[in-house]
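Participant: As input, take input.txt (compact mmCIF, C-alpha atoms and all ligand atoms):
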# COMPACT_ATOMS: atom_id res chain seq x y z
CA MET C 30 -24.13 17.54 -106.48
CA LEU C 31 -23.64 18.02 -110.20
CA THR C 32 -23.62 15.52 -113.03
CA ARG C 33 -20.31 15.04 -114.82
CA GLU C 34 -21.72 17.05 -117.72
CA GLN C 35 -22.78 19.94 -115.46
CA ASN C 36 -19.39 19.83 -113.80
CA ASP C 37 -17.62 20.06 -117.16
CA LEU C 38 -19.85 22.92 -118.24
CA LEU C 39 -19.07 24.98 -115.12
CA HIS C 40 -15.34 24.45 -114.70
CA LYS C 41 -13.82 24.30 -118.21
CA VAL C 42 -12.57 27.66 -119.48
CA GLY C 43 -10.51 26.85 -122.58
CA PRO C 44 -11.13 28.72 -125.86
CA GLY C 45 -14.60 28.03 -127.22
CA SER C 46 -15.99 26.45 -124.04
CA PRO C 47 -19.19 28.06 -122.69
CA MET C 48 -17.66 29.00 -119.34
CA GLY C 49 -14.52 30.11 -121.16
CA GLU C 50 -16.68 32.46 -123.19
CA LEU C 51 -18.29 33.77 -120.01
CA MET C 52 -14.98 34.28 -118.18
CA ARG C 53 -13.60 36.07 -121.24
CA ARG C 54 -16.13 38.87 -120.55
CA TYR C 55 -14.05 39.98 -117.56
CA TRP C 56 -10.65 41.51 -116.87
CA HIS C 57 -8.24 39.25 -114.98
CA PRO C 58 -5.09 40.24 -113.07
CA VAL C 59 -2.08 38.40 -114.50
CA ALA C 60 1.03 40.23 -113.28
CA ALA C 61 2.29 43.02 -111.05
CA VAL C 62 3.22 46.43 -112.45
CA GLY C 63 6.54 46.11 -110.62
CA GLU C 64 7.34 42.85 -112.41
CA LEU C 65 7.15 44.48 -115.84
CA ASP C 66 9.12 47.48 -114.58
CA ASP C 67 11.95 45.08 -113.72
CA GLU C 68 11.60 42.71 -116.66
CA PRO C 69 9.45 44.06 -119.48
CA VAL C 70 8.49 40.72 -121.07
CA LYS C 71 6.54 38.02 -119.26
CA ALA C 72 5.07 34.68 -120.31
CA VAL C 73 1.42 34.48 -119.27
CA ARG C 74 -1.05 31.62 -119.48
CA LEU C 75 -4.71 32.52 -119.09
CA MET C 76 -7.70 30.22 -119.55
CA GLY C 77 -5.63 27.73 -121.51
CA GLU C 78 -4.12 30.36 -123.83
CA ASP C 79 -0.39 30.96 -123.91
CA LEU C 80 0.31 34.66 -124.18
CA VAL C 81 3.15 37.13 -123.85
CA LEU C 82 2.78 40.34 -121.88
CA PHE C 83 5.16 43.23 -122.47
CA LYS C 84 5.66 46.84 -121.60
CA VAL C 85 5.82 48.97 -124.70
CA GLY C 86 8.87 51.09 -125.30
CA PRO C 87 12.66 50.85 -125.69
CA ASN C 88 13.66 48.23 -123.13
CA GLY C 89 10.22 48.68 -121.72
CA ALA C 90 11.29 52.04 -120.45
CA ASN C 91 8.89 54.42 -122.08
CA GLY C 92 5.78 53.12 -120.34
CA ASP C 93 5.09 55.68 -117.65
CA SER C 94 3.32 53.46 -115.18
CA ILE C 95 4.40 53.24 -111.58
CA GLY C 96 3.36 50.77 -108.96
CA GLY C 97 2.18 53.31 -106.45
CA GLY C 98 -0.49 54.98 -108.53
CA VAL C 99 -3.92 53.49 -108.42
CA ASP C 100 -4.03 52.82 -112.11
CA GLY C 101 -0.32 52.63 -112.67
CA SER C 102 -1.09 55.35 -115.22
CA SER C 103 -1.33 52.87 -118.04
CA LYS C 104 -3.29 53.75 -121.09
CA ASP C 105 -5.51 51.24 -122.75
CA GLY C 106 -2.54 49.74 -124.46
CA GLY C 107 -4.12 46.72 -126.00
CA ALA C 108 -5.50 45.46 -129.21
CA ASN C 109 -6.61 47.85 -131.91
CA GLY C 110 -4.86 50.72 -130.27
CA GLY C 111 -1.14 50.30 -130.44
CA VAL C 112 -0.56 53.14 -127.98
CA ASP C 113 1.96 53.22 -125.16
CA GLY C 114 1.31 50.98 -122.23
CA TYR C 115 1.21 47.20 -122.22
CA GLY C 116 0.94 44.71 -125.04
CA LEU C 117 -0.55 41.24 -124.76
CA LEU C 118 -0.04 38.93 -127.74
CA GLU C 119 -0.32 35.27 -128.57
CA ARG C 120 2.81 33.54 -127.30
CA HIS C 121 4.01 32.13 -130.62
CA CYS C 122 5.52 34.30 -133.29
CA PRO C 123 3.49 34.41 -136.51
CA HIS C 124 6.72 33.83 -138.49
CA ARG C 125 7.77 30.31 -137.44
CA ARG C 126 6.11 30.06 -134.04
CA ALA C 127 9.04 30.82 -131.73
CA ASP C 128 8.21 31.72 -128.14
CA LEU C 129 7.87 35.51 -128.01
CA SER C 130 8.40 35.57 -124.25
CA TYR C 131 12.10 35.13 -125.08
CA GLY C 132 11.97 38.29 -127.13
CA TRP C 133 12.77 41.80 -126.01
CA THR C 134 11.14 45.19 -126.26
CA GLU C 135 12.42 48.00 -128.45
CA GLU C 136 11.14 50.68 -130.80
CA GLY C 137 7.61 50.54 -129.50
CA GLY C 138 7.17 46.81 -129.75
CA LEU C 139 8.27 43.30 -128.96
CA ARG C 140 11.15 41.84 -130.98
CA CYS C 141 11.16 38.07 -131.61
CA SER C 142 14.56 36.67 -130.68
CA TYR C 143 14.54 34.08 -133.50
CA HIS C 144 14.68 36.28 -136.65
CA GLY C 145 13.98 39.72 -135.28
CA TRP C 146 10.45 40.39 -136.44
CA LEU C 147 8.99 43.25 -134.42
CA PHE C 148 5.36 43.51 -133.26
CA ASP C 149 3.53 46.44 -131.74
CA ALA C 150 0.94 46.23 -128.96
CA ALA C 151 -1.82 45.87 -131.53
CA GLY C 152 -0.07 42.79 -132.95
CA ARG C 153 0.96 44.52 -136.18
CA CYS C 154 4.28 43.39 -137.62
CA ILE C 155 6.25 46.62 -137.88
CA ALA C 156 9.65 45.27 -138.89
CA GLN C 157 11.04 42.16 -140.64
CA PRO C 158 14.79 42.78 -140.91
CA PHE C 159 15.89 40.31 -143.61
CA GLU C 160 12.68 40.48 -145.62
CA GLN C 161 12.98 44.25 -145.81
CA THR C 162 16.61 43.94 -146.89
CA ALA C 163 15.87 41.34 -149.55
CA HIS C 164 12.66 42.94 -150.83
CA PRO C 165 12.66 46.61 -149.83
CA ASP C 166 9.58 47.31 -151.89
CA ALA C 167 7.51 44.36 -150.74
CA ALA C 168 4.86 44.81 -148.10
CA PHE C 169 5.10 41.35 -146.58
CA LYS C 170 5.07 42.69 -143.02
CA ASP C 171 1.74 44.38 -143.62
CA LYS C 172 0.20 40.97 -144.21
CA VAL C 173 1.33 39.63 -140.83
CA GLN C 174 -0.72 40.09 -137.70
CA ALA C 175 -0.20 38.51 -134.27
CA ARG C 176 -3.32 37.85 -132.21
CA ALA C 177 -3.49 40.79 -129.81
CA TYR C 178 -5.44 41.34 -126.61
CA ARG C 179 -5.78 44.12 -124.09
CA ALA C 180 -3.68 44.77 -121.00
CA GLN C 181 -4.08 47.62 -118.55
CA ALA C 182 -2.61 48.57 -115.18
CA LYS C 183 -4.68 49.20 -112.07
CA ALA C 184 -3.89 49.01 -108.37
CA GLY C 185 -0.32 47.81 -108.95
CA LEU C 186 -1.57 44.91 -111.07
CA ILE C 187 -1.65 44.37 -114.81
CA TRP C 188 -5.00 43.11 -116.02
CA ALA C 189 -5.73 41.15 -119.16
CA TYR C 190 -8.87 41.14 -121.26
CA ILE C 191 -9.01 38.40 -123.90
CA GLY C 192 -12.70 38.56 -124.78
CA PRO C 193 -14.66 40.19 -127.57
CA ASP C 194 -14.66 43.91 -128.20
CA PRO C 195 -15.65 46.25 -126.78
CA SER C 196 -13.95 45.50 -123.49
CA PRO C 197 -15.92 46.44 -120.38
CA GLU C 198 -14.66 48.84 -117.73
CA LEU C 199 -11.77 47.61 -115.59
CA TRP C 200 -13.31 47.92 -112.13
CA ASP C 201 -12.12 50.90 -110.12
CA TRP C 202 -12.85 49.78 -106.55
CA ASP C 203 -12.71 52.47 -103.88
CA ARG C 204 -10.47 50.30 -101.73
CA TYR C 205 -7.56 50.85 -104.13
CA TYR C 206 -7.47 54.49 -103.04
CA ASP C 207 -7.32 53.95 -99.30
CA ARG C 208 -4.28 55.11 -97.41
CA GLY C 209 -2.07 52.22 -96.40
CA TYR C 210 0.80 49.94 -97.26
CA LYS C 211 -0.17 47.76 -100.20
CA GLN C 212 1.34 44.54 -101.42
CA VAL C 213 0.51 41.96 -104.06
CA VAL C 214 1.10 38.25 -103.55
CA PHE C 215 0.92 35.51 -106.18
CA SER C 216 0.59 31.78 -105.60
CA ASP C 217 0.41 28.91 -108.06
CA VAL C 218 -2.41 26.62 -107.04
CA PRO C 219 -2.60 23.36 -109.00
CA CYS C 220 -6.36 22.92 -109.28
CA ASN C 221 -9.31 24.34 -111.18
CA TRP C 222 -10.44 27.92 -110.47
CA LEU C 223 -14.09 27.09 -109.71
CA GLN C 224 -13.44 25.12 -106.53
CA CYS C 225 -11.27 28.04 -105.39
CA GLN C 226 -14.11 30.46 -106.04
CA GLU C 227 -16.68 28.24 -104.32
CA ASN C 228 -14.60 28.83 -101.22
CA SER C 229 -15.45 32.56 -101.57
CA ILE C 230 -19.05 31.84 -100.64
CA ASP C 231 -18.52 29.19 -97.97
CA PRO C 232 -18.93 30.89 -94.57
CA VAL C 233 -18.66 27.81 -92.38
CA HIS C 234 -15.14 26.99 -93.56
CA PHE C 235 -13.83 29.94 -91.51
CA GLU C 236 -14.82 28.16 -88.34
CA TRP C 237 -13.09 24.89 -89.21
CA LEU C 238 -10.38 25.42 -91.82
CA HIS C 239 -9.06 28.57 -90.14
CA SER C 240 -10.24 28.98 -86.55
CA ASN C 241 -10.41 25.44 -85.22
CA TRP C 242 -7.50 24.15 -87.29
CA SER C 243 -5.36 27.03 -86.09
CA LEU C 244 -6.31 26.19 -82.49
CA ARG C 245 -5.23 22.58 -83.03
CA ARG C 246 -1.99 23.66 -84.64
CA LYS C 247 -1.26 25.56 -81.40
CA GLY C 248 -2.11 22.51 -79.30
CA ASP C 249 -5.37 24.06 -78.09
CA ALA C 250 -8.18 21.48 -77.88
CA GLY C 251 -10.94 24.11 -77.68
CA TYR C 252 -13.42 25.19 -80.35
CA SER C 253 -14.04 28.61 -81.83
CA PRO C 254 -17.57 30.14 -81.73
CA THR C 255 -19.87 28.13 -83.94
CA HIS C 256 -22.09 29.38 -86.78
CA THR C 257 -25.81 29.51 -86.02
CA ARG C 258 -27.27 31.26 -89.06
CA LEU C 259 -26.23 32.00 -92.65
CA GLY C 260 -27.61 34.49 -95.16
CA PHE C 261 -26.83 35.43 -98.77
CA ASP C 262 -27.68 38.71 -100.45
CA GLU C 263 -27.01 39.32 -104.12
CA PHE C 264 -25.98 42.75 -105.42
CA GLU C 265 -24.60 44.07 -108.70
CA PHE C 266 -21.01 42.93 -108.25
CA GLY C 267 -21.41 39.76 -106.24
CA ILE C 268 -23.14 38.10 -103.36
CA ARG C 269 -22.67 39.19 -99.75
CA TYR C 270 -22.58 36.32 -97.33
CA LEU C 271 -23.86 36.97 -93.84
CA ARG C 272 -23.49 34.96 -90.69
CA VAL C 273 -24.36 34.82 -87.04
CA ARG C 274 -22.08 32.94 -84.67
CA SER C 275 -22.64 31.82 -81.12
CA ASP C 276 -20.70 34.93 -79.98
CA THR C 277 -22.46 37.45 -82.29
CA ASP C 278 -26.02 38.54 -83.08
CA GLU C 279 -27.91 40.08 -85.96
CA GLU C 280 -26.68 43.55 -84.99
CA ASN C 281 -23.12 42.48 -85.70
CA GLU C 282 -21.50 43.47 -88.99
CA LEU C 283 -20.89 39.84 -89.75
CA TRP C 284 -24.65 39.82 -90.37
CA THR C 285 -25.47 43.42 -91.33
CA VAL C 286 -22.55 43.88 -93.78
CA GLY C 287 -20.97 40.49 -94.32
CA ARG C 288 -18.27 39.67 -96.79
CA VAL C 289 -18.29 39.72 -100.55
CA CYS C 290 -18.08 36.86 -103.00
CA LEU C 291 -16.95 39.20 -105.77
CA TRP C 292 -17.93 38.34 -109.32
CA PRO C 293 -16.83 36.28 -111.08
CA ASN C 294 -13.77 34.86 -109.33
CA ALA C 295 -12.78 36.81 -106.23
CA LEU C 296 -13.24 37.27 -102.53
CA TYR C 297 -13.34 40.73 -100.94
CA THR C 298 -13.10 41.21 -97.20
CA GLY C 299 -11.12 44.47 -97.15
CA HIS C 300 -8.40 42.78 -99.14
CA PHE C 301 -8.91 41.10 -102.51
CA GLU C 302 -8.22 37.52 -103.53
CA TRP C 303 -8.66 36.71 -107.20
CA ARG C 304 -8.66 33.09 -108.39
CA VAL C 305 -7.45 33.50 -111.98
CA PRO C 306 -7.92 30.48 -114.28
CA VAL C 307 -4.57 29.57 -115.81
CA ASP C 308 -6.10 26.53 -117.45
CA ASP C 309 -8.56 23.86 -116.36
CA GLU C 310 -6.22 22.43 -113.75
CA ASN C 311 -4.25 25.44 -112.55
CA THR C 312 -5.15 28.69 -110.84
CA LEU C 313 -3.13 31.81 -110.19
CA SER C 314 -4.06 33.14 -106.77
CA VAL C 315 -3.62 36.92 -106.73
CA GLY C 316 -3.88 38.61 -103.36
CA TRP C 317 -4.01 42.41 -102.90
CA PHE C 318 -3.50 43.56 -99.34
CA ILE C 319 -3.45 46.87 -97.51
CA ASP C 320 -2.00 47.47 -94.05
CA PRO C 321 -2.28 50.58 -91.87
CA ILE C 322 0.25 53.41 -91.79
CA PRO C 323 0.14 55.49 -88.58
CA GLY C 324 -0.91 59.13 -88.61
CA ASP C 325 -2.79 61.00 -91.29
CA GLU C 326 -0.11 62.67 -93.38
CA PRO C 327 -0.44 61.97 -97.08
CA PHE C 328 1.07 58.62 -97.93
CA GLU C 329 1.72 57.23 -101.39
CA GLN C 330 3.77 54.16 -102.16
CA GLU C 331 6.25 54.67 -104.95
CA ARG C 332 6.01 51.04 -105.84
CA ILE C 333 3.67 48.31 -104.66
CA PRO C 334 5.83 45.31 -103.73
CA HIS C 335 4.96 41.93 -105.18
CA TRP C 336 6.12 38.49 -104.20
CA ARG C 337 5.36 34.85 -104.81
CA SER C 338 4.28 32.70 -101.93
CA PRO C 339 5.36 29.06 -101.98
CA ALA C 340 2.53 26.55 -101.66
CA LEU C 341 4.59 23.44 -100.90
CA ASP C 342 6.68 22.81 -97.80
CA GLU C 343 9.92 21.62 -99.35
CA ARG C 344 10.92 19.69 -96.24
CA THR C 345 7.84 17.48 -96.25
CA GLY C 346 6.47 17.68 -99.78
CA ARG C 347 3.11 18.64 -98.21
CA TRP C 348 1.21 21.91 -98.51
CA ILE C 349 2.17 24.73 -96.17
CA THR C 350 -0.63 25.13 -93.60
CA SER C 351 0.60 27.93 -91.35
CA HIS C 352 -1.19 30.88 -93.00
CA ILE C 353 -4.83 31.60 -93.80
CA MET C 354 -4.72 31.37 -97.58
CA ASN C 355 -2.35 28.41 -97.42
CA GLN C 356 -5.03 26.66 -95.40
CA ASP C 357 -7.48 27.52 -98.18
CA PHE C 358 -5.08 26.09 -100.76
CA THR C 359 -4.98 22.75 -98.93
CA ALA C 360 -8.77 22.56 -99.14
CA TRP C 361 -8.92 23.57 -102.81
CA THR C 362 -6.18 21.26 -104.02
CA GLY C 363 -7.46 18.52 -101.72
CA GLN C 364 -10.60 18.39 -103.87
CA GLY C 365 -8.43 17.14 -106.76
CA ALA C 366 -7.20 18.94 -109.85
CA VAL C 367 -10.90 19.20 -110.75
CA SER C 368 -13.41 18.46 -108.00
CA ASP C 369 -15.55 15.39 -108.78
CA ARG C 370 -18.75 17.15 -107.82
CA TRP C 371 -20.91 14.17 -108.71
CA ASN C 372 -19.63 12.58 -105.48
CA GLU C 373 -20.60 15.52 -103.24
CA HIS C 374 -23.28 15.60 -100.53
CA LEU C 375 -24.36 19.21 -100.26
CA GLY C 376 -26.11 20.45 -97.13
CA GLU C 377 -27.46 23.63 -95.58
CA SER C 378 -23.94 25.03 -95.20
CA ASP C 379 -23.56 24.87 -98.98
CA ARG C 380 -26.43 27.20 -99.89
CA GLY C 381 -23.97 29.80 -101.14
CA VAL C 382 -22.13 27.30 -103.32
CA ILE C 383 -25.46 26.20 -104.83
CA LEU C 384 -26.39 29.85 -105.44
CA LEU C 385 -23.03 30.55 -107.11
CA ARG C 386 -23.43 27.60 -109.48
CA LYS C 387 -27.02 28.57 -110.28
CA ARG C 388 -26.04 32.15 -111.06
CA LEU C 389 -23.14 31.07 -113.26
CA THR C 390 -25.39 28.64 -115.10
CA GLU C 391 -27.94 31.41 -115.75
CA ASP C 392 -25.15 33.64 -117.04
CA LEU C 393 -24.00 30.96 -119.49
CA ALA C 394 -27.36 31.34 -121.22
CA ILE C 395 -27.17 35.14 -121.08
CA VAL C 396 -23.73 35.14 -122.72
CA GLU C 397 -24.89 32.67 -125.34
CA ASP C 398 -27.69 35.11 -126.17
CA GLY C 399 -25.19 37.93 -126.57
CA GLY C 400 -25.82 39.62 -123.22
CA ASP C 401 -23.46 40.71 -120.47
CA PRO C 402 -23.04 38.43 -117.47
CA LYS C 403 -23.24 39.60 -113.86
CA GLY C 404 -20.78 42.26 -112.74
CA VAL C 405 -19.77 43.53 -116.18
CA LEU C 406 -19.69 47.32 -116.05
CA ARG C 407 -19.79 49.42 -119.22
CA ASP C 408 -20.65 52.85 -117.86
CA ALA C 409 -17.37 54.72 -117.27
CA ALA C 410 -19.18 57.34 -115.19
CA ARG C 411 -20.15 54.64 -112.71
CA ASN C 412 -16.65 53.20 -112.59
CA VAL C 413 -15.06 55.78 -110.32
CA LYS C 414 -13.98 54.61 -106.88
CA THR C 415 -16.85 52.17 -106.75
CA PRO C 416 -17.57 51.13 -103.16
CA LEU C 417 -17.94 47.54 -102.01
CA PRO C 418 -19.46 46.46 -98.69
CA ARG C 419 -16.82 46.11 -95.98
CA ILE C 420 -16.96 45.32 -92.30
CA ARG C 421 -15.47 48.05 -90.04
CA ALA C 422 -15.62 50.60 -92.87
CA GLU C 423 -17.30 53.22 -90.68
CA ILE C 424 -14.67 53.21 -87.93
CA GLY C 425 -11.91 54.03 -90.38
CA GLN C 426 -9.80 51.78 -92.47
CA PHE C 427 -8.24 49.80 -89.70
CA ALA C 428 -8.70 48.93 -86.07
CA PRO C 429 -5.91 50.74 -84.20
CA THR C 430 -2.92 48.62 -83.28
CA ALA C 431 0.10 49.50 -81.14
CA HIS C 432 2.52 47.80 -83.51
CA PRO C 433 2.46 46.99 -87.20
CA PRO C 434 0.19 43.98 -87.72
CA ARG C 435 1.94 40.82 -88.89
CA PHE C 436 1.00 39.46 -92.31
CA PRO C 437 -1.24 36.44 -91.64
CA PHE C 438 -2.44 35.53 -95.10
CA LEU C 439 0.39 33.80 -96.96
CA ALA C 440 3.63 32.10 -96.03
CA GLY C 441 6.98 33.38 -97.18
CA GLN C 442 6.73 37.17 -97.02
CA PRO C 443 10.23 38.37 -98.02
CA PRO C 444 12.06 40.01 -95.10
CA GLU C 445 12.65 43.12 -97.21
CA VAL C 446 8.88 43.64 -97.59
CA ALA C 447 8.34 43.39 -93.85
CA ALA C 448 11.36 45.65 -93.30
CA GLU C 449 10.02 48.28 -95.71
CA TYR C 450 6.63 48.24 -93.98
CA HIS C 451 8.16 48.50 -90.52
CA GLY C 452 10.41 51.32 -91.68
CA LEU C 453 7.40 53.25 -93.00
CA TRP C 454 5.47 52.53 -89.82
CA LYS C 455 8.25 54.05 -87.76
CA ALA C 456 8.80 56.95 -90.14
CA HIS C 457 5.13 57.87 -89.66
CA GLY C 458 5.46 57.99 -85.88
CA GLY C 459 4.53 54.42 -85.00
CA ALA C 460 6.30 52.20 -82.52
CA LEU C 461 7.85 48.84 -83.27
CA PRO C 462 7.88 45.91 -80.85
CA GLY C 463 10.91 46.37 -78.60
CA ASP C 464 11.04 50.15 -79.04
S1 LIG H 1 10.00 32.91 -135.48
FE1 LIG H 1 9.82 34.94 -134.79
S2 LIG H 1 10.97 36.09 -136.19
FE2 LIG H 1 11.14 34.05 -136.91
FE FE H 2 -10.55 30.71 -96.22
With the file now loaded, output its structure as structure tokens.
Facilitator:
Amino acid sequence: MLTREQNDLLHKVGPGSPMGELMRRYWHPVAAVGELDDEPVKAVRLMGEDLVLFKVGPNGANGDSIGGGVDGSSKDGGANGGVDGYGLLERHCPHRRADLSYGWTEEGGLRCSYHGWLFDAAGRCIAQPFEQTAHPDAAFKDKVQARAYRAQAKAGLIWAYIGPDPSPELWDWDRYYDRGYKQVVFSDVPCNWLQCQENSIDPVHFEWLHSNWSLRRKGDAGYSPTHTRLGFDEFEFGIRYLRVRSDTDEENELWTVGRVCLWPNALYTGHFEWRVPVDDENTLSVGWFIDPIPGDEPFEQERIPHWRSPALDERTGRWITSHIMNQDFTAWTGQGAVSDRWNEHLGESDRGVILLRKRLTEDLAIVEDGGDPKGVLRDAARNVKTPLPRIRAEIGQFAPTAHPPRFPFLAGQPPEVAAEYHGLWKAHGGALPGD
């Protein structure tokens, strides 16, 4: 249980708030590389700040990033640099505050659609059409600066950094390099990010929210194996949570390896789920998934597909509950837009949640003192294919399956994504059901 004041301190991430300052020490995924390839300007809202993300170049075309590369080949195209890559600016034009997400890219920058002022990725005003006509010798544009942040591509995602300079390393997890079919899935979740992240360190929910609920949904009145022991082990980039169930023992990887509550706002179990704070009452769920491709010939995706999963069932007006992360969303949103933690009754199953809150609270003080919070990496030499603990890592990437595995995590996978995956599966010598 937290007091209302403690609750406010931990969940609010707007500009100037203590947790907002802490969360601004990290990179956050805000878009897919493929999105900006298709449409080079995108409205973004991150931690209560309205921003515009764009791909630098004529019509966005001179950025050289591709979805299939691990880093999308983007340079550090953010503030203070003004190089090719991605720009991330305040949403409202410094001229008369029009919405820059309705602008377009050209000549190395973003053109405001209202009066045509042009801004580069560093936020410098590089053209002011009528002003330059009326006063060719004036240097008005040199006095205009849009607030500029950093954006960088990695793993088919575009990441934003809106904290103080210098920015830390954008994590280079080894999983990004594994051979497989990757896809990125976004969901809009209308509640605060912290209750989503508390779910990343809540082992017992698997048994009920996923296993037993899924049994009931199938009309099965049985119960899945029950948890008998929980453990938590902190490391540099997060906290591993360990468990023993009635059908496993302490030799099992559920206990010896566990799963990762990845700092500060993600879950890693072989795939990634980031809970990105849009504002205090909205979260962007970003899922990064990898599925097996048969054989061992080199395999690179030209483009990592991205799609948006619906959260609501339009027929009923209720949340979709058929898929694993949709089940999570019902729990997160069910706690309210912001969980009223002063009404909680925490027990032994909540040790991880208590640990998470304690660690974040300690980091608030560290950030206030000018230090780096947990998980911030500044040594580029250590940011090369950094490994994270993963169950089944030693038997290869994937357990062998006869047919391509179905996608169990989120509802609404577009048929063309499934079709592309199945086509690749077959092209690499695999069999499809019915072959
Ligand atoms: S408001 Fe953007 S150019 Fe005038
Ligand atoms: Fe879950």
Participant: Around ligand LIG 1 (chain H), out to 12 Å and counting only C-alpha atoms and all ligand atoms, which residues are there? I want them as a compact mmCIF listing (two decimals) with C-alpha atoms, in the coordinates of the input.
Facilitator:
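Once written, out-v2.txt looks like this:
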# COMPACT_ATOMS: atom_id res chain seq x y z
CA GLU C 119 -0.32 35.27 -128.57
CA ARG C 120 2.81 33.54 -127.30
CA HIS C 121 4.01 32.13 -130.62
CA CYS C 122 5.52 34.30 -133.29
CA PRO C 123 3.49 34.41 -136.51
CA HIS C 124 6.72 33.83 -138.49
CA ARG C 125 7.77 30.31 -137.44
CA ARG C 126 6.11 30.06 -134.04
CA ALA C 127 9.04 30.82 -131.73
CA ASP C 128 8.21 31.72 -128.14
CA LEU C 129 7.87 35.51 -128.01
CA SER C 130 8.40 35.57 -124.25
CA TYR C 131 12.10 35.13 -125.08
CA GLY C 132 11.97 38.29 -127.13
CA TRP C 133 12.77 41.80 -126.01
CA LEU C 139 8.27 43.30 -128.96
CA ARG C 140 11.15 41.84 -130.98
CA CYS C 141 11.16 38.07 -131.61
CA SER C 142 14.56 36.67 -130.68
CA TYR C 143 14.54 34.08 -133.50
CA HIS C 144 14.68 36.28 -136.65
CA GLY C 145 13.98 39.72 -135.28
CA TRP C 146 10.45 40.39 -136.44
CA LEU C 147 8.99 43.25 -134.42
CA PHE C 148 5.36 43.51 -133.26
CA CYS C 154 4.28 43.39 -137.62
CA ILE C 155 6.25 46.62 -137.88
CA ALA C 156 9.65 45.27 -138.89
CA GLN C 157 11.04 42.16 -140.64
CA PRO C 158 14.79 42.78 -140.91
CA PHE C 159 15.89 40.31 -143.61
CA GLU C 160 12.68 40.48 -145.62
CA LYS C 170 5.07 42.69 -143.02
CA VAL C 173 1.33 39.63 -140.83
CA ALA C 175 -0.20 38.51 -134.27
Participant: Could you list, as a PDB file with C-alpha atoms, keeping the file's coordinate frame, all residues that come within 10 Å of ligand FE 2 (chain H)? Count all atoms listed in the file.
Facilitator:
ATOM      1  CA  CYS C 225     -11.270  28.040-105.390  1.00  0.00           C
ATOM      2  CA  ASN C 228     -14.600  28.830-101.220  1.00  0.00           C
ATOM      3  CA  SER C 229     -15.450  32.560-101.570  1.00  0.00           C
ATOM      4  CA  ILE C 230     -19.050  31.840-100.640  1.00  0.00           C
ATOM      5  CA  ASP C 231     -18.520  29.190 -97.970  1.00  0.00           C
ATOM      6  CA  PRO C 232     -18.930  30.890 -94.570  1.00  0.00           C
ATOM      7  CA  VAL C 233     -18.660  27.810 -92.380  1.00  0.00           C
ATOM      8  CA  HIS C 234     -15.140  26.990 -93.560  1.00  0.00           C
ATOM      9  CA  PHE C 235     -13.830  29.940 -91.510  1.00  0.00           C
ATOM     10  CA  GLU C 236     -14.820  28.160 -88.340  1.00  0.00           C
ATOM     11  CA  TRP C 237     -13.090  24.890 -89.210  1.00  0.00           C
ATOM     12  CA  LEU C 238     -10.380  25.420 -91.820  1.00  0.00           C
ATOM     13  CA  HIS C 239      -9.060  28.570 -90.140  1.00  0.00           C
ATOM     14  CA  SER C 240     -10.240  28.980 -86.550  1.00  0.00           C
ATOM     15  CA  LEU C 296     -13.240  37.270-102.530  1.00  0.00           C
ATOM     16  CA  HIS C 352      -1.190  30.880 -93.000  1.00  0.00           C
ATOM     17  CA  ILE C 353      -4.830  31.600 -93.800  1.00  0.00           C
ATOM     18  CA  MET C 354      -4.720  31.370 -97.580  1.00  0.00           C
ATOM     19  CA  ASN C 355      -2.350  28.410 -97.420  1.00  0.00           C
ATOM     20  CA  GLN C 356      -5.030  26.660 -95.400  1.00  0.00           C
ATOM     21  CA  ASP C 357      -7.480  27.520 -98.180  1.00  0.00           C
ATOM     22  CA  PHE C 358      -5.080  26.090-100.760  1.00  0.00           C
ATOM     23  CA  ALA C 360      -8.770  22.560 -99.140  1.00  0.00           C
ATOM     24  CA  TRP C 361      -8.920  23.570-102.810  1.00  0.00           C
ATOM     25  CA  PHE C 438      -2.440  35.530 -95.100  1.00  0.00           C
TER      26      PHE C 438
END
Participant: Might you pull out every residue within 8 Å of Asp149 (chain C), with all atoms listed in the file counted and same-chain residues fewer than 6 positions away left off, and present them as a PyMOL selection string?
Facilitator: chain C and resi 85+111+116+137-139+155
Participant: Do you have the CA of Val62 (chain C)-CA of Arg419 (chain C) distance handy?
Facilitator: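 CA of Arg419 (chain C) lies 25.9 Å from CA of Val62 (chain C).
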Participant: Which distance in Å separates CA of Thr362 (chain C) and CA of Ala295 (chain C), to one decimal?
Facilitator: 17.0 Å
Participant: Write out as a ChimeraX atom specification the residues lying within 7 Å of Lys211 (chain C), counting only C-alpha atoms and excluding same-chain residues fewer than 3 positions away.
Facilitator: /C:318-320,333
Participant: Between C:Ala60, C:Leu461, C:Ala189, C:Leu75, which residue has the minimum interatomic distance to Ala448 (chain C), considering only C-alpha atoms?
Facilitator: C:Leu461
Participant: Can you tell me how far CA of Gly192 (chain C) sits from CA of Ala394 (chain C), in Å to one decimal?
Facilitator: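 Separation of CA of Gly192 (chain C) and CA of Ala394 (chain C): 16.7 Å.
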Participant: What's around region 34-44 of chain C at 8 Å? Count only C-alpha atoms, leave out sequence neighbours fewer than 6 positions away in its own chain, and write the answer as a compact mmCIF listing (two decimals) with C-alpha atoms, keeping the file's coordinate frame.
Facilitator:
# COMPACT_ATOMS: atom_id res chain seq x y z
CA GLU C 50 -16.68 32.46 -123.19
CA MET C 52 -14.98 34.28 -118.18
CA MET C 76 -7.70 30.22 -119.55
CA GLY C 77 -5.63 27.73 -121.51
CA GLU C 78 -4.12 30.36 -123.83
CA ASN C 221 -9.31 24.34 -111.18
CA TRP C 222 -10.44 27.92 -110.47
CA LEU C 223 -14.09 27.09 -109.71
CA PRO C 306 -7.92 30.48 -114.28
CA ASP C 308 -6.10 26.53 -117.45
CA ASP C 309 -8.56 23.86 -116.36
CA VAL C 367 -10.90 19.20 -110.75
CA ASP C 369 -15.55 15.39 -108.78
CA ARG C 370 -18.75 17.15 -107.82
CA TRP C 371 -20.91 14.17 -108.71
CA ARG C 386 -23.43 27.60 -109.48
CA LEU C 389 -23.14 31.07 -113.26
CA THR C 390 -25.39 28.64 -115.10
